[in-house]
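S.K.: Below is the file structure.pdb, which contains PDB, C-alpha atoms, pLDDT in the B column.
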ATOM      1  CA  MET Y   1       0.000   0.000   0.000  1.00 73.00           C
ATOM      2  CA  SER Y   2       1.449   3.365  -0.987  1.00 83.00           C
ATOM      3  CA  ILE Y   3       1.887   6.317   1.326  1.00 86.00           C
ATOM      4  CA  ARG Y   4      -0.589   8.289  -0.758  1.00 84.00           C
ATOM      5  CA  MET Y   5      -3.293   5.668  -0.182  1.00 86.00           C
ATOM      6  CA  ILE Y   6      -2.566   5.627   3.556  1.00 89.00           C
ATOM      7  CA  VAL Y   7      -2.889   9.423   3.752  1.00 87.00           C
ATOM      8  CA  ILE Y   8      -6.180   9.322   1.817  1.00 85.00           C
ATOM      9  CA  LEU Y   9      -7.566   6.605   4.101  1.00 90.00           C
ATOM     10  CA  LEU Y  10      -6.519   8.496   7.236  1.00 91.00           C
ATOM     11  CA  ALA Y  11      -8.125  11.703   5.927  1.00 87.00           C
ATOM     12  CA  GLY Y  12     -11.320   9.781   5.156  1.00 86.00           C
ATOM     13  CA  LEU Y  13     -11.296   8.225   8.615  1.00 90.00           C
ATOM     14  CA  LEU Y  14     -10.875  11.642  10.221  1.00 88.00           C
ATOM     15  CA  LEU Y  15     -13.717  13.002   8.114  1.00 84.00           C
ATOM     16  CA  VAL Y  16     -16.033  10.163   9.179  1.00 86.00           C
ATOM     17  CA  MET Y  17     -15.064  10.640  12.832  1.00 87.00           C
ATOM     18  CA  PHE Y  18     -15.728  14.380  12.581  1.00 85.00           C
ATOM     19  CA  ALA Y  19     -19.119  13.819  10.959  1.00 84.00           C
ATOM     20  CA  THR Y  20     -20.238  11.245  13.552  1.00 85.00           C
ATOM     21  CA  GLN Y  21     -19.172  13.396  16.503  1.00 87.00           C
ATOM     22  CA  ASN Y  22     -20.797  16.616  15.268  1.00 83.00           C
ATOM     23  CA  THR Y  23     -24.388  15.623  14.617  1.00 83.00           C
ATOM     24  CA  GLU Y  24     -26.068  18.272  16.768  1.00 87.00           C
ATOM     25  CA  PRO Y  25     -28.088  20.722  14.678  1.00 87.00           C
ATOM     26  CA  VAL Y  26     -26.854  24.303  14.416  1.00 86.00           C
ATOM     27  CA  GLY Y  27     -28.733  27.278  13.034  1.00 87.00           C
ATOM     28  CA  VAL Y  28     -27.276  29.261  10.164  1.00 83.00           C
ATOM     29  CA  HIS Y  29     -28.724  32.731   9.534  1.00 84.00           C
ATOM     30  CA  LEU Y  30     -28.060  34.901   6.480  1.00 80.00           C
ATOM     31  CA  PHE Y  31     -30.280  37.970   6.072  1.00 87.00           C
ATOM     32  CA  TRP Y  32     -33.860  36.582   5.953  1.00 85.00           C
ATOM     33  CA  TRP Y  33     -32.737  33.023   5.224  1.00 86.00           C
ATOM     34  CA  GLU Y  34     -32.431  30.516   8.066  1.00 88.00           C
ATOM     35  CA  ILE Y  35     -31.511  26.834   7.989  1.00 85.00           C
ATOM     36  CA  SER Y  36     -30.792  24.198  10.590  1.00 90.00           C
ATOM     37  CA  ALA Y  37     -28.277  21.457   9.777  1.00 86.00           C
ATOM     38  CA  PRO Y  38     -25.814  19.200  11.596  1.00 87.00           C
ATOM     39  CA  ALA Y  39     -22.592  20.993  12.522  1.00 86.00           C
ATOM     40  CA  SER Y  40     -20.505  18.729  10.294  1.00 85.00           C
ATOM     41  CA  VAL Y  41     -22.671  19.577   7.261  1.00 86.00           C
ATOM     42  CA  ALA Y  42     -22.433  23.311   7.991  1.00 85.00           C
ATOM     43  CA  VAL Y  43     -18.635  23.108   8.242  1.00 85.00           C
ATOM     44  CA  PHE Y  44     -18.410  21.074   5.028  1.00 85.00           C
ATOM     45  CA  VAL Y  45     -20.600  23.534   3.108  1.00 86.00           C
ATOM     46  CA  ALA Y  46     -18.505  26.474   4.349  1.00 86.00           C
ATOM     47  CA  PHE Y  47     -15.307  24.665   3.363  1.00 87.00           C
ATOM     48  CA  ALA Y  48     -16.676  23.763  -0.076  1.00 89.00           C
ATOM     49  CA  GLY Y  49     -17.741  27.374  -0.642  1.00 90.00           C
ATOM     50  CA  GLY Y  50     -14.240  28.555   0.217  1.00 89.00           C
ATOM     51  CA  VAL Y  51     -12.725  26.047  -2.186  1.00 88.00           C
ATOM     52  CA  VAL Y  52     -15.011  27.249  -4.980  1.00 92.00           C
ATOM     53  CA  VAL Y  53     -14.203  30.922  -4.363  1.00 92.00           C
ATOM     54  CA  GLY Y  54     -10.468  30.166  -4.195  1.00 90.00           C
ATOM     55  CA  ALA Y  55     -10.604  28.122  -7.385  1.00 90.00           C
ATOM     56  CA  LEU Y  56     -12.439  30.916  -9.216  1.00 91.00           C
ATOM     57  CA  LEU Y  57      -9.880  33.496  -8.086  1.00 90.00           C
ATOM     58  CA  PHE Y  58      -7.021  31.220  -9.121  1.00 89.00           C
ATOM     59  CA  TRP Y  59      -8.670  30.499 -12.476  1.00 89.00           C
ATOM     60  CA  THR Y  60      -9.202  34.177 -13.293  1.00 88.00           C
ATOM     61  CA  ASP Y  61      -5.620  35.019 -12.342  1.00 85.00           C
ATOM     62  CA  GLN Y  62      -4.285  32.195 -14.520  1.00 84.00           C
ATOM     63  CA  ARG Y  63      -6.445  33.382 -17.413  1.00 83.00           C
ATOM     64  CA  ARG Y  64      -5.053  36.896 -17.090  1.00 83.00           C
ATOM     65  CA  ALA Y  65      -1.503  35.570 -17.003  1.00 80.00           C
ATOM     66  CA  ARG Y  66      -2.073  33.451 -20.139  1.00 80.00           C
ATOM     67  CA  ARG Y  67      -3.666  36.392 -21.913  1.00 80.00           C
ATOM     68  CA  ARG Y  68      -0.683  38.607 -21.043  1.00 79.00           C
ATOM     69  CA  GLN Y  69       1.696  36.021 -22.489  1.00 78.00           C
ATOM     70  CA  GLN Y  70      -0.245  35.837 -25.754  1.00 75.00           C
ATOM     71  CA  LEU Y  71      -0.259  39.594 -26.357  1.00 67.00           C
ATOM     72  CA  PRO Y  72       2.392  40.793 -28.830  1.00 68.00           C
ATOM     73  CA  SER Y  73       5.105  43.012 -27.388  1.00 61.00           C
ATOM     74  CA  PRO Y  74       4.508  46.714 -28.096  1.00 60.00           C
ATOM     75  CA  THR Y  75       6.535  48.361 -30.844  1.00 61.00           C
ATOM     76  CA  PRO Y  76       8.697  51.387 -29.943  1.00 59.00           C
ATOM     77  CA  THR Y  77       6.366  53.737 -31.863  1.00 58.00           C
ATOM     78  CA  THR Y  78       3.357  52.914 -29.660  1.00 54.00           C
ATOM     79  CA  THR Y  79       2.813  54.017 -26.108  1.00 56.00           C
ATOM     80  CA  PRO Y  80       3.002  51.075 -23.681  1.00 55.00           C
ATOM     81  CA  ALA Y  81      -0.282  50.181 -22.016  1.00 58.00           C
ATOM     82  CA  LYS Y  82      -0.678  50.689 -18.305  1.00 59.00           C
ATOM     83  CA  THR Y  83       0.034  47.422 -16.488  1.00 60.00           C
ATOM     84  CA  ARG Y  84      -2.747  46.193 -14.268  1.00 61.00           C
ATOM     85  CA  LYS Y  85      -1.830  44.478 -11.054  1.00 64.00           C
ATOM     86  CA  SER Y  86      -3.855  41.767  -9.405  1.00 62.00           C
ATOM     87  CA  TRP Y  87      -6.476  43.193  -7.012  1.00 61.00           C
ATOM     88  CA  TRP Y  88      -5.127  41.437  -3.927  1.00 62.00           C
ATOM     89  CA  TRP Y  89      -1.474  42.506  -4.289  1.00 54.00           C
TER      90      TRP Y  89
END
Take the structure I supplied and represent it as structure tokens, if you would.

M.R.:
Amino acid sequence: MSIRMIVILLAGLLLVMFATQNTEPVGVHLFWWEISAPASVAVFVAFAGGVVVGALLFWTDQRRARRRQQLPSPTPTTTPAKTRKSWWW
């Protein structure tokens, strides 16, 4: 059995243990919306939302970088365009 498989199995075991120990319902309130769910589900949904937002930010940054690489270099007769920095730097 490879080390990678052992790490995956241990992570799965920890996830199952977390889910079975956090079954008490918690209330989540956002503006007028209210939902009650087990604590483990609420944590998982928050984590998944963070992963999605992070992936979208990474994807847009990678797209910008690829687009910058594809642009032809400016000729000396043209004025260079203003460089735009990433919004979080």

S.K.: To one decimal in Å, tell me the separation between CA of Val16 (chain Y) and CA of Ala37 (chain Y).

M.R.: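 Going from CA of Val16 (chain Y) over to CA of Ala37 (chain Y), I get 16.7 Å.
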
S.K.: Just so the selection is clear, what residues does the PyMOL selection byres ((chain Y and resi 19) around 10) cover here, as a count of residues only?

M.R.: 16

S.K.: With all atoms of region 56-66 of chain Y from the file as input, state the centre and edge lengths in Å to one decimal of the axis-aligned box that has 5 Å extra on each side, as AutoDock Vina command-line options.

M.R.:
--center_x -7.0 --center_y 33.7 --center_z -14.1 --size_x 20.9 --size_y 16.4 --size_z 22.1

S.K.: Between CA of Ala48 (chain Y) and CA of Gly12 (chain Y), what is the spacing in Å?

M.R.: 15.9 Å

S.K.: How many Å separate CA of Glu24 (chain Y) from CA of Leu9 (chain Y)?

M.R.: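 Interatomic distance here is 25.3 Å.
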
S.K.: Got a sec: who's within 12 Å of Val28 (chain Y), counting all atoms listed in the file, leaving out chain neighbours fewer than 2 positions off, as a VMD selection string?

M.R.: chain Y and resid 25 to 26 30 to 39 41 to 43 45 to 46
